[in-house]
Amino acid sequence: MKLLSRISLAALGFAAVLGLSSCQQKKTLKLFTWTYYTPTSVVEAFEKEFDCKVIVTEYDSNETMFNKLVNGGAKSFDIVVPSQDYVSIMMKRGMFQPIIQAKFTNRSKINPKVLEKVTYDPEMVYAVPYYFGAAGIGVNKKKMPAGDYERTWNIFADQRFKGHASMMDDYREVIGDALKYKGYAVSTTNENEVTEAVDLIQNSWLPNIVKFDAEGFGKDFARGDLWLCHGYAEVMYGEVPESEWESTIDFFIPEQGGASYLDSLCILKDSKEAELATEFINFIHRPENYAQFLDFFNFPCFVNLEAEKYMTKKPLYPASAMDNCELKDDLGEKLDMYYSKWEKLRLQTN
């Protein structure tokens, strides 16, 4: 019996070693991305199809992501999802390796309108668009009848919203939208144009704005404290019961467009899994998979047009509303010009 036990234990031990060896040989893909930005169902389906493990680590800002990578974290991840200005910065610093184009068979699914806006990498050598989005304007229809106001950025000059209006605590967004309203580029480096936009904010919009807020405005809007908000649709709708969306929220992006962002999937230079990483990017852009991402947030279909036929939920606003939106480019040293003017402006709300 003792001999049989030894044999059995030895066999179990050998099996365990084989199992451990098998686990160790399974490839692991490390994804560094925004919070709640990749549907679990898509990740699990990829793991099953490619017999691998995906480890997802999340961040809440481009700054957090960038600082972690440049301070020794770059070797810890394979894929990162920066916004357009950081893609440009990171490309210049040589932080990415090329997408393996032979495995990126879904490149034809990317909307040409998006690539027209991507001046830093229009051929998707290093960055594959993931989501193109824009902030807009939300009006509480219970406080102000729909249609009884200007549907441009200059709605913030409407004194009927005084004390009940907020704009995002984001100087590229606010100044960018004022620039767009004035007919200028959202990333202009012409100081006279920037000054003109800031003067518009200070003299016409600021008297009606109760605060600059990029986080809590959704809850204030849902409570009825704010009647006019500048921000992302998913934040406003997310705080209002779905049964009240139609009666409460009028969300729109002005026809002239505004400042926008584009998050892209990029493979880090030190990744040892470039092939698997490209397979993941390609997998995300299978239309049926990409539709799951859009449905999770009720996002409009703008990046991967074929995904629309697989969507099961109505988007919060039409994709066409973003046609005239402009990406916020990396301004380099000119960023200080924007920031210094913003700081003077923001002090007036305290």
# chains A, B, ... in the order shown; residues from 1 in each chain; ligands from 1
>>> residues_around(residues="Leu345 of chain A", least_positions_apart="2", cutoff="9 Å", atoms="only C-alpha atoms", output="MDAnalysis selection string")
chainID A and resid 198 201:202 206 340:343 347:349
>>> write_last_selection(atoms="N, CA, C and O atoms", output="PDB file, in the first residue's frame")
ATOM      1  N   VAL A 198     -10.384  83.304 -24.958  1.00  0.00           N
ATOM      2  CA  VAL A 198     -10.414  83.443 -23.500  1.00  0.00           C
ATOM      3  C   VAL A 198     -11.241  84.665 -23.094  1.00  0.00           C
ATOM      4  O   VAL A 198     -11.985  84.633 -22.100  1.00  0.00           O
ATOM      5  N   ILE A 201     -14.849  83.685 -23.142  1.00  0.00           N
ATOM      6  CA  ILE A 201     -15.197  82.902 -21.950  1.00  0.00           C
ATOM      7  C   ILE A 201     -15.349  83.817 -20.740  1.00  0.00           C
ATOM      8  O   ILE A 201     -16.333  83.747 -19.990  1.00  0.00           O
ATOM      9  N   GLN A 202     -14.375  84.702 -20.572  1.00  0.00           N
ATOM     10  CA  GLN A 202     -14.373  85.576 -19.389  1.00  0.00           C
ATOM     11  C   GLN A 202     -15.529  86.564 -19.388  1.00  0.00           C
ATOM     12  O   GLN A 202     -16.200  86.756 -18.356  1.00  0.00           O
ATOM     13  N   LEU A 206     -18.393  83.178 -18.425  1.00  0.00           N
ATOM     14  CA  LEU A 206     -18.056  83.037 -17.003  1.00  0.00           C
ATOM     15  C   LEU A 206     -19.096  83.628 -16.050  1.00  0.00           C
ATOM     16  O   LEU A 206     -19.350  83.041 -14.987  1.00  0.00           O
ATOM     17  N   SER A 340      -1.441  79.233 -18.809  1.00  0.00           N
ATOM     18  CA  SER A 340      -1.313  80.473 -18.033  1.00  0.00           C
ATOM     19  C   SER A 340      -2.575  81.322 -18.141  1.00  0.00           C
ATOM     20  O   SER A 340      -3.045  81.909 -17.160  1.00  0.00           O
ATOM     21  N   LYS A 341      -3.162  81.366 -19.334  1.00  0.00           N
ATOM     22  CA  LYS A 341      -4.403  82.126 -19.520  1.00  0.00           C
ATOM     23  C   LYS A 341      -5.561  81.452 -18.770  1.00  0.00           C
ATOM     24  O   LYS A 341      -6.427  82.118 -18.201  1.00  0.00           O
ATOM     25  N   TRP A 342      -5.568  80.139 -18.772  1.00  0.00           N
ATOM     26  CA  TRP A 342      -6.612  79.395 -18.078  1.00  0.00           C
ATOM     27  C   TRP A 342      -6.537  79.615 -16.561  1.00  0.00           C
ATOM     28  O   TRP A 342      -7.558  79.787 -15.903  1.00  0.00           O
ATOM     29  N   GLU A 343      -5.345  79.585 -16.014  1.00  0.00           N
ATOM     30  CA  GLU A 343      -5.187  79.747 -14.571  1.00  0.00           C
ATOM     31  C   GLU A 343      -5.724  81.104 -14.112  1.00  0.00           C
ATOM     32  O   GLU A 343      -6.386  81.203 -13.074  1.00  0.00           O
ATOM     33  N   LEU A 347      -9.215  81.334 -11.641  1.00  0.00           N
ATOM     34  CA  LEU A 347      -9.166  81.983 -10.319  1.00  0.00           C
ATOM     35  C   LEU A 347     -10.425  82.819 -10.060  1.00  0.00           C
ATOM     36  O   LEU A 347     -10.811  83.028  -8.905  1.00  0.00           O
ATOM     37  N   GLN A 348     -11.056  83.261 -11.123  1.00  0.00           N
ATOM     38  CA  GLN A 348     -12.239  84.128 -10.976  1.00  0.00           C
ATOM     39  C   GLN A 348     -13.486  83.346 -10.561  1.00  0.00           C
ATOM     40  O   GLN A 348     -14.506  83.954 -10.243  1.00  0.00           O
ATOM     41  N   THR A 349     -13.416  82.008 -10.564  1.00  0.00           N
ATOM     42  CA  THR A 349     -14.572  81.212 -10.139  1.00  0.00           C
ATOM     43  C   THR A 349     -14.458  80.789  -8.682  1.00  0.00           C
ATOM     44  O   THR A 349     -15.377  80.191  -8.137  1.00  0.00           O
TER      45      THR A 349
END
>>> closest_atom_pairs(of="segment 84-153 of chain A", to="segment 63-69 of chain A", cutoff="12 Å", atoms="only C-alpha atoms", output="CSV")
residue,atom,partner,partner_atom,distance
A:Asp85,CA,A:Glu63,CA,11.1
A:Tyr86,CA,A:Phe66,CA,7.9
A:Val87,CA,A:Phe66,CA,10.1
A:Ile89,CA,A:Phe66,CA,9.8
A:Met90,CA,A:Phe66,CA,8.5
A:Arg93,CA,A:Phe66,CA,11.6
A:Met95,CA,A:Leu69,CA,9.1
A:Phe96,CA,A:Leu69,CA,11.5
>>> atom_distance(atom1="atom CA of Trp227 of chain A", atom2="atom CA of Asp295 of chain A")
27.1 Å
>>> residues_around(residues="Phe280 of chain A", least_positions_apart="2", cutoff="10 Å", atoms="only C-alpha atoms", output="VMD selection string")
chain A and resid 29 31 42 to 43 46 to 47 50 54 79 103 to 104 265 274 to 278 282 to 285
>>> write_last_selection(atoms="C-alpha atoms", output="PDB file, in the first residue's frame")
ATOM      1  CA  LEU A  29      -0.831  39.708 -22.828  1.00  0.00           C
ATOM      2  CA  LEU A  31      -3.071  45.531 -21.337  1.00  0.00           C
ATOM      3  CA  VAL A  42     -14.381  40.399 -25.366  1.00  0.00           C
ATOM      4  CA  VAL A  43     -11.280  39.757 -23.248  1.00  0.00           C
ATOM      5  CA  PHE A  46      -9.882  36.437 -26.950  1.00  0.00           C
ATOM      6  CA  GLU A  47      -8.291  34.347 -24.193  1.00  0.00           C
ATOM      7  CA  PHE A  50      -5.863  32.378 -28.659  1.00  0.00           C
ATOM      8  CA  VAL A  54      -4.912  38.769 -20.642  1.00  0.00           C
ATOM      9  CA  ILE A  79      -0.567  47.395 -25.135  1.00  0.00           C
ATOM     10  CA  LYS A 103      -2.032  40.413 -38.909  1.00  0.00           C
ATOM     11  CA  PHE A 104      -4.085  43.601 -38.842  1.00  0.00           C
ATOM     12  CA  LEU A 265      -4.334  50.995 -29.278  1.00  0.00           C
ATOM     13  CA  ALA A 274       3.933  42.076 -30.473  1.00  0.00           C
ATOM     14  CA  GLU A 275       2.283  39.359 -32.552  1.00  0.00           C
ATOM     15  CA  LEU A 276      -0.281  38.500 -29.860  1.00  0.00           C
ATOM     16  CA  ALA A 277      -0.806  42.212 -29.206  1.00  0.00           C
ATOM     17  CA  THR A 278      -1.597  42.823 -32.872  1.00  0.00           C
ATOM     18  CA  ASN A 282      -7.389  43.041 -34.700  1.00  0.00           C
ATOM     19  CA  PHE A 283      -9.801  41.029 -32.522  1.00  0.00           C
ATOM     20  CA  ILE A 284     -11.163  44.211 -30.927  1.00  0.00           C
ATOM     21  CA  HIS A 285     -11.978  45.497 -34.400  1.00  0.00           C
TER      22      HIS A 285
END
>>> residues_around(residues="Tyr310 of chain A", least_positions_apart="2", cutoff="12 Å", atoms="only C-alpha atoms", output="PyMOL selection string")
chain A and resi 286-295+301+304-308+312-314
>>> write_last_selection(atoms="N, CA, C and O atoms", output="CSV table (one decimal), in the first residue's frame")
chain,number,residue,atom,x,y,z
A,286,ARG,N,-13.0,43.3,-34.8
A,286,ARG,CA,-14.0,42.5,-35.5
A,286,ARG,C,-15.3,43.2,-35.1
A,286,ARG,O,-15.6,43.5,-34.0
A,287,PRO,N,-16.1,43.6,-36.1
A,287,PRO,CA,-17.3,44.4,-35.9
A,287,PRO,C,-18.2,43.9,-34.7
A,287,PRO,O,-18.7,44.7,-33.9
A,288,GLU,N,-18.4,42.6,-34.6
A,288,GLU,CA,-19.3,42.0,-33.6
A,288,GLU,C,-18.7,42.2,-32.2
A,288,GLU,O,-19.4,42.4,-31.2
A,289,ASN,N,-17.3,42.3,-32.1
A,289,ASN,CA,-16.7,42.5,-30.8
A,289,ASN,C,-16.7,44.0,-30.5
A,289,ASN,O,-16.9,44.4,-29.3
A,290,TYR,N,-16.4,44.8,-31.5
A,290,TYR,CA,-16.4,46.3,-31.2
A,290,TYR,C,-17.8,46.8,-30.8
A,290,TYR,O,-17.9,47.7,-30.0
A,291,ALA,N,-18.8,46.1,-31.3
A,291,ALA,CA,-20.2,46.5,-31.0
A,291,ALA,C,-20.5,46.3,-29.5
A,291,ALA,O,-21.2,47.1,-28.9
A,292,GLN,N,-19.8,45.3,-28.9
A,292,GLN,CA,-20.0,45.1,-27.5
A,292,GLN,C,-19.5,46.3,-26.7
A,292,GLN,O,-20.0,46.7,-25.6
A,293,PHE,N,-18.3,46.8,-27.1
A,293,PHE,CA,-17.8,48.0,-26.5
A,293,PHE,C,-18.7,49.2,-26.6
A,293,PHE,O,-19.0,49.9,-25.6
A,294,LEU,N,-19.2,49.4,-27.8
A,294,LEU,CA,-20.1,50.6,-28.0
A,294,LEU,C,-21.4,50.4,-27.1
A,294,LEU,O,-21.9,51.4,-26.5
A,295,ASP,N,-22.0,49.2,-27.1
A,295,ASP,CA,-23.2,49.0,-26.3
A,295,ASP,C,-23.0,49.2,-24.8
A,295,ASP,O,-23.9,49.7,-24.2
A,301,CYS,N,-21.4,54.9,-33.1
A,301,CYS,CA,-20.5,54.1,-34.0
A,301,CYS,C,-19.8,55.1,-34.9
A,301,CYS,O,-20.4,55.5,-35.9
A,304,ASN,N,-15.4,52.3,-36.1
A,304,ASN,CA,-15.6,51.0,-36.8
A,304,ASN,C,-17.0,50.9,-37.3
A,304,ASN,O,-17.9,50.5,-36.6
A,305,LEU,N,-17.3,51.4,-38.6
A,305,LEU,CA,-18.6,51.6,-39.1
A,305,LEU,C,-19.4,50.3,-39.2
A,305,LEU,O,-20.6,50.3,-39.0
A,306,GLU,N,-18.7,49.2,-39.5
A,306,GLU,CA,-19.4,47.9,-39.7
A,306,GLU,C,-20.0,47.4,-38.4
A,306,GLU,O,-20.9,46.5,-38.4
A,307,ALA,N,-19.5,47.9,-37.2
A,307,ALA,CA,-20.0,47.4,-35.9
A,307,ALA,C,-21.5,47.8,-35.7
A,307,ALA,O,-22.2,47.2,-34.9
A,308,GLU,N,-21.9,48.8,-36.4
A,308,GLU,CA,-23.3,49.4,-36.1
A,308,GLU,C,-24.4,48.3,-36.3
A,308,GLU,O,-25.3,48.3,-35.5
A,312,THR,N,-26.9,46.6,-30.1
A,312,THR,CA,-28.2,46.3,-29.6
A,312,THR,C,-28.8,47.4,-28.9
A,312,THR,O,-30.0,47.4,-28.4
A,313,LYS,N,-28.0,48.5,-28.7
A,313,LYS,CA,-28.5,49.7,-27.9
A,313,LYS,C,-28.4,50.9,-28.8
A,313,LYS,O,-27.5,51.1,-29.6
A,314,LYS,N,-29.3,51.8,-28.5
A,314,LYS,CA,-29.3,53.1,-29.3
A,314,LYS,C,-28.3,54.0,-28.6
A,314,LYS,O,-28.2,54.2,-27.4
>>> residues_around(residues="Leu226 of chain A", least_positions_apart="5", cutoff="12 Å", atoms="only C-alpha atoms", output="ChimeraX atom specification")
/A:137-144,160-167,208-213,216-221,236,248-249
>>> write_last_selection(atoms="C-alpha atoms", output="PDB file, in the first residue's frame")
ATOM      1  CA  ILE A 137     -23.755  70.260 -24.042  1.00  0.00           C
ATOM      2  CA  GLY A 138     -26.534  68.923 -21.845  1.00  0.00           C
ATOM      3  CA  VAL A 139     -29.660  70.942 -21.030  1.00  0.00           C
ATOM      4  CA  ASN A 140     -32.161  69.892 -18.378  1.00  0.00           C
ATOM      5  CA  LYS A 141     -35.471  70.032 -20.256  1.00  0.00           C
ATOM      6  CA  LYS A 142     -37.407  70.114 -16.993  1.00  0.00           C
ATOM      7  CA  LYS A 143     -35.824  73.486 -16.253  1.00  0.00           C
ATOM      8  CA  MET A 144     -35.678  74.894 -19.762  1.00  0.00           C
ATOM      9  CA  ARG A 160     -31.272  82.401 -17.949  1.00  0.00           C
ATOM     10  CA  PHE A 161     -28.780  79.701 -16.929  1.00  0.00           C
ATOM     11  CA  LYS A 162     -26.885  81.983 -14.541  1.00  0.00           C
ATOM     12  CA  GLY A 163     -25.894  80.126 -11.381  1.00  0.00           C
ATOM     13  CA  HIS A 164     -26.977  76.801 -12.895  1.00  0.00           C
ATOM     14  CA  ALA A 165     -24.293  76.234 -15.533  1.00  0.00           C
ATOM     15  CA  SER A 166     -20.975  74.414 -15.439  1.00  0.00           C
ATOM     16  CA  MET A 167     -18.143  73.725 -17.836  1.00  0.00           C
ATOM     17  CA  ASN A 208     -23.235  82.459 -15.796  1.00  0.00           C
ATOM     18  CA  ILE A 209     -20.968  79.576 -14.804  1.00  0.00           C
ATOM     19  CA  VAL A 210     -21.153  78.424 -11.199  1.00  0.00           C
ATOM     20  CA  LYS A 211     -18.086  76.183 -11.458  1.00  0.00           C
ATOM     21  CA  PHE A 212     -15.610  74.320 -13.644  1.00  0.00           C
ATOM     22  CA  ASP A 213     -16.084  70.621 -12.911  1.00  0.00           C
ATOM     23  CA  GLY A 216     -19.354  65.716 -10.226  1.00  0.00           C
ATOM     24  CA  PHE A 217     -21.394  67.591 -12.822  1.00  0.00           C
ATOM     25  CA  GLY A 218     -23.426  64.493 -13.709  1.00  0.00           C
ATOM     26  CA  LYS A 219     -24.814  64.144 -10.205  1.00  0.00           C
ATOM     27  CA  ASP A 220     -25.534  67.890  -9.970  1.00  0.00           C
ATOM     28  CA  PHE A 221     -27.318  67.738 -13.303  1.00  0.00           C
ATOM     29  CA  MET A 236     -24.965  62.907 -17.635  1.00  0.00           C
ATOM     30  CA  THR A 248     -34.882  65.310 -18.839  1.00  0.00           C
ATOM     31  CA  ILE A 249     -31.887  65.453 -21.169  1.00  0.00           C
TER      32      ILE A 249
END
>>> select_by_dssp(residues="segment 67-245 of chain A", states="alpha helix (DSSP H)", output="number ranges by chain")
A: 67-68, 84-92, 112-117, 171-181, 191-200, 217-223, 233-239, 245
>>> residues_around(residues="Asp60 of chain A", least_positions_apart="2", cutoff="12 Å", atoms="only C-alpha atoms", output="ChimeraX atom specification")
/A:32-37,57-58,62-66,68,81-83,215
>>> write_last_selection(atoms="all heavy atoms", output="short mmCIF file (atom, residue, chain, number, x, y, z; two decimals), in the first residue's frame")
data_model
loop_
_atom_site.label_atom_id
_atom_site.label_comp_id
_atom_site.auth_asym_id
_atom_site.auth_seq_id
_atom_site.Cartn_x
_atom_site.Cartn_y
_atom_site.Cartn_z
N PHE A 32 -2.69 47.82 -20.64
CA PHE A 32 -2.72 48.99 -19.77
C PHE A 32 -3.69 49.99 -20.39
O PHE A 32 -3.41 50.58 -21.43
CB PHE A 32 -1.31 49.59 -19.67
CG PHE A 32 -1.10 50.56 -18.53
CD1 PHE A 32 -1.84 50.49 -17.36
CD2 PHE A 32 -0.13 51.56 -18.63
CE1 PHE A 32 -1.62 51.38 -16.32
CE2 PHE A 32 0.09 52.45 -17.61
CZ PHE A 32 -0.65 52.36 -16.44
N THR A 33 -4.86 50.16 -19.77
CA THR A 33 -5.92 50.92 -20.43
C THR A 33 -6.76 51.71 -19.44
O THR A 33 -6.59 51.61 -18.23
CB THR A 33 -6.81 49.97 -21.24
OG1 THR A 33 -7.75 50.72 -22.01
CG2 THR A 33 -7.57 48.99 -20.34
N TRP A 34 -7.70 52.48 -19.98
CA TRP A 34 -8.60 53.28 -19.17
C TRP A 34 -9.56 52.39 -18.37
O TRP A 34 -9.88 51.28 -18.79
CB TRP A 34 -9.42 54.21 -20.06
CG TRP A 34 -8.62 55.21 -20.81
CD1 TRP A 34 -8.01 55.04 -22.02
CD2 TRP A 34 -8.31 56.55 -20.41
NE1 TRP A 34 -7.34 56.18 -22.40
CE2 TRP A 34 -7.51 57.12 -21.42
CE3 TRP A 34 -8.64 57.32 -19.30
CZ2 TRP A 34 -7.04 58.43 -21.36
CZ3 TRP A 34 -8.16 58.63 -19.22
CH2 TRP A 34 -7.37 59.17 -20.24
N THR A 35 -10.03 52.91 -17.26
CA THR A 35 -10.96 52.18 -16.40
C THR A 35 -12.23 51.80 -17.17
O THR A 35 -12.82 52.63 -17.86
CB THR A 35 -11.34 53.03 -15.17
OG1 THR A 35 -10.14 53.45 -14.51
CG2 THR A 35 -12.19 52.25 -14.20
N TYR A 36 -12.64 50.54 -17.04
CA TYR A 36 -13.87 50.00 -17.65
C TYR A 36 -13.90 50.18 -19.17
O TYR A 36 -14.96 50.36 -19.75
CB TYR A 36 -15.11 50.66 -17.05
CG TYR A 36 -15.21 50.59 -15.56
CD1 TYR A 36 -15.40 51.74 -14.81
CD2 TYR A 36 -15.10 49.38 -14.89
CE1 TYR A 36 -15.49 51.67 -13.41
CE2 TYR A 36 -15.18 49.31 -13.50
CZ TYR A 36 -15.37 50.46 -12.78
OH TYR A 36 -15.45 50.39 -11.42
N TYR A 37 -12.74 50.13 -19.83
CA TYR A 37 -12.70 50.48 -21.25
C TYR A 37 -12.71 49.29 -22.19
O TYR A 37 -12.84 49.46 -23.39
CB TYR A 37 -11.46 51.33 -21.51
CG TYR A 37 -11.65 52.47 -22.50
CD1 TYR A 37 -12.85 53.18 -22.57
CD2 TYR A 37 -10.63 52.85 -23.36
CE1 TYR A 37 -13.01 54.23 -23.46
CE2 TYR A 37 -10.77 53.91 -24.24
CZ TYR A 37 -11.97 54.59 -24.29
OH TYR A 37 -12.12 55.64 -25.16
N THR A 57 -4.67 46.14 -16.57
CA THR A 57 -4.36 47.13 -15.54
C THR A 57 -4.93 48.46 -16.01
O THR A 57 -4.77 48.84 -17.17
CB THR A 57 -2.83 47.26 -15.34
OG1 THR A 57 -2.29 45.98 -15.02
CG2 THR A 57 -2.51 48.23 -14.21
N GLU A 58 -5.60 49.17 -15.10
CA GLU A 58 -6.33 50.37 -15.50
C GLU A 58 -5.70 51.65 -14.97
O GLU A 58 -5.02 51.65 -13.95
CB GLU A 58 -7.79 50.27 -15.02
CG GLU A 58 -8.52 49.07 -15.63
CD GLU A 58 -9.90 48.86 -15.04
OE1 GLU A 58 -10.14 49.33 -13.90
OE2 GLU A 58 -10.76 48.25 -15.72
N ASN A 62 -4.30 60.24 -18.81
CA ASN A 62 -3.11 60.09 -19.65
C ASN A 62 -1.84 60.37 -18.85
O ASN A 62 -0.81 59.73 -19.05
CB ASN A 62 -3.19 61.05 -20.83
CG ASN A 62 -4.09 60.54 -21.94
OD1 ASN A 62 -3.80 59.55 -22.59
ND2 ASN A 62 -5.20 61.24 -22.16
N GLU A 63 -1.94 61.33 -17.95
CA GLU A 63 -0.78 61.70 -17.14
C GLU A 63 -0.33 60.53 -16.26
O GLU A 63 0.87 60.24 -16.15
CB GLU A 63 -1.10 62.93 -16.28
CG GLU A 63 -1.29 64.22 -17.05
CD GLU A 63 -2.63 64.33 -17.77
OE1 GLU A 63 -3.54 63.52 -17.47
OE2 GLU A 63 -2.77 65.21 -18.62
N THR A 64 -1.31 59.86 -15.63
CA THR A 64 -0.99 58.71 -14.79
C THR A 64 -0.32 57.62 -15.61
O THR A 64 0.69 57.03 -15.21
CB THR A 64 -2.27 58.15 -14.14
OG1 THR A 64 -2.85 59.15 -13.31
CG2 THR A 64 -1.98 56.91 -13.31
N MET A 65 -0.90 57.33 -16.78
CA MET A 65 -0.35 56.31 -17.67
C MET A 65 1.08 56.65 -18.09
O MET A 65 2.01 55.85 -17.96
CB MET A 65 -1.25 56.19 -18.91
CG MET A 65 -0.72 55.33 -20.04
SD MET A 65 0.37 56.21 -21.22
CE MET A 65 -0.74 57.46 -21.86
N PHE A 66 1.28 57.88 -18.55
CA PHE A 66 2.57 58.30 -19.08
C PHE A 66 3.65 58.27 -17.99
O PHE A 66 4.76 57.76 -18.22
CB PHE A 66 2.44 59.70 -19.67
CG PHE A 66 3.69 60.21 -20.34
CD1 PHE A 66 4.09 59.70 -21.57
CD2 PHE A 66 4.46 61.19 -19.74
CE1 PHE A 66 5.24 60.17 -22.20
CE2 PHE A 66 5.60 61.67 -20.36
CZ PHE A 66 6.00 61.15 -21.59
N LYS A 68 3.77 56.51 -15.29
CA LYS A 68 4.11 55.13 -14.91
C LYS A 68 5.05 54.50 -15.94
O LYS A 68 6.02 53.82 -15.58
CB LYS A 68 2.84 54.29 -14.78
CG LYS A 68 3.09 52.87 -14.26
CD LYS A 68 1.80 52.14 -14.01
CE LYS A 68 2.04 50.74 -13.42
NZ LYS A 68 2.61 50.79 -12.06
N VAL A 81 -3.30 52.48 -24.24
CA VAL A 81 -4.38 53.15 -24.99
C VAL A 81 -4.38 54.65 -24.73
O VAL A 81 -5.28 55.19 -24.09
CB VAL A 81 -5.75 52.53 -24.63
CG1 VAL A 81 -6.82 52.96 -25.64
CG2 VAL A 81 -5.68 51.00 -24.59
N PRO A 82 -3.38 55.37 -25.21
CA PRO A 82 -3.30 56.81 -24.97
C PRO A 82 -4.20 57.62 -25.90
O PRO A 82 -4.61 57.15 -26.96
CB PRO A 82 -1.82 57.13 -25.25
CG PRO A 82 -1.39 56.07 -26.20
CD PRO A 82 -2.23 54.85 -25.94
N SER A 83 -4.47 58.86 -25.48
CA SER A 83 -5.20 59.79 -26.33
C SER A 83 -4.23 60.43 -27.31
O SER A 83 -3.01 60.33 -27.17
CB SER A 83 -5.88 60.87 -25.47
OG SER A 83 -6.79 60.25 -24.57
N GLU A 215 -15.92 66.16 -12.92
CA GLU A 215 -16.23 64.90 -12.25
C GLU A 215 -17.66 64.83 -11.71
O GLU A 215 -18.38 63.89 -11.99
CB GLU A 215 -15.23 64.67 -11.11
CG GLU A 215 -13.79 64.51 -11.58
CD GLU A 215 -12.83 64.30 -10.43
OE1 GLU A 215 -13.28 64.31 -9.26
OE2 GLU A 215 -11.63 64.13 -10.69
#
>>> select_by_dssp(residues="segment 192-298 of chain A", states="strand (DSSP E)", output="ChimeraX atom specification")
/A:209-212,228-231,249-252,259-268
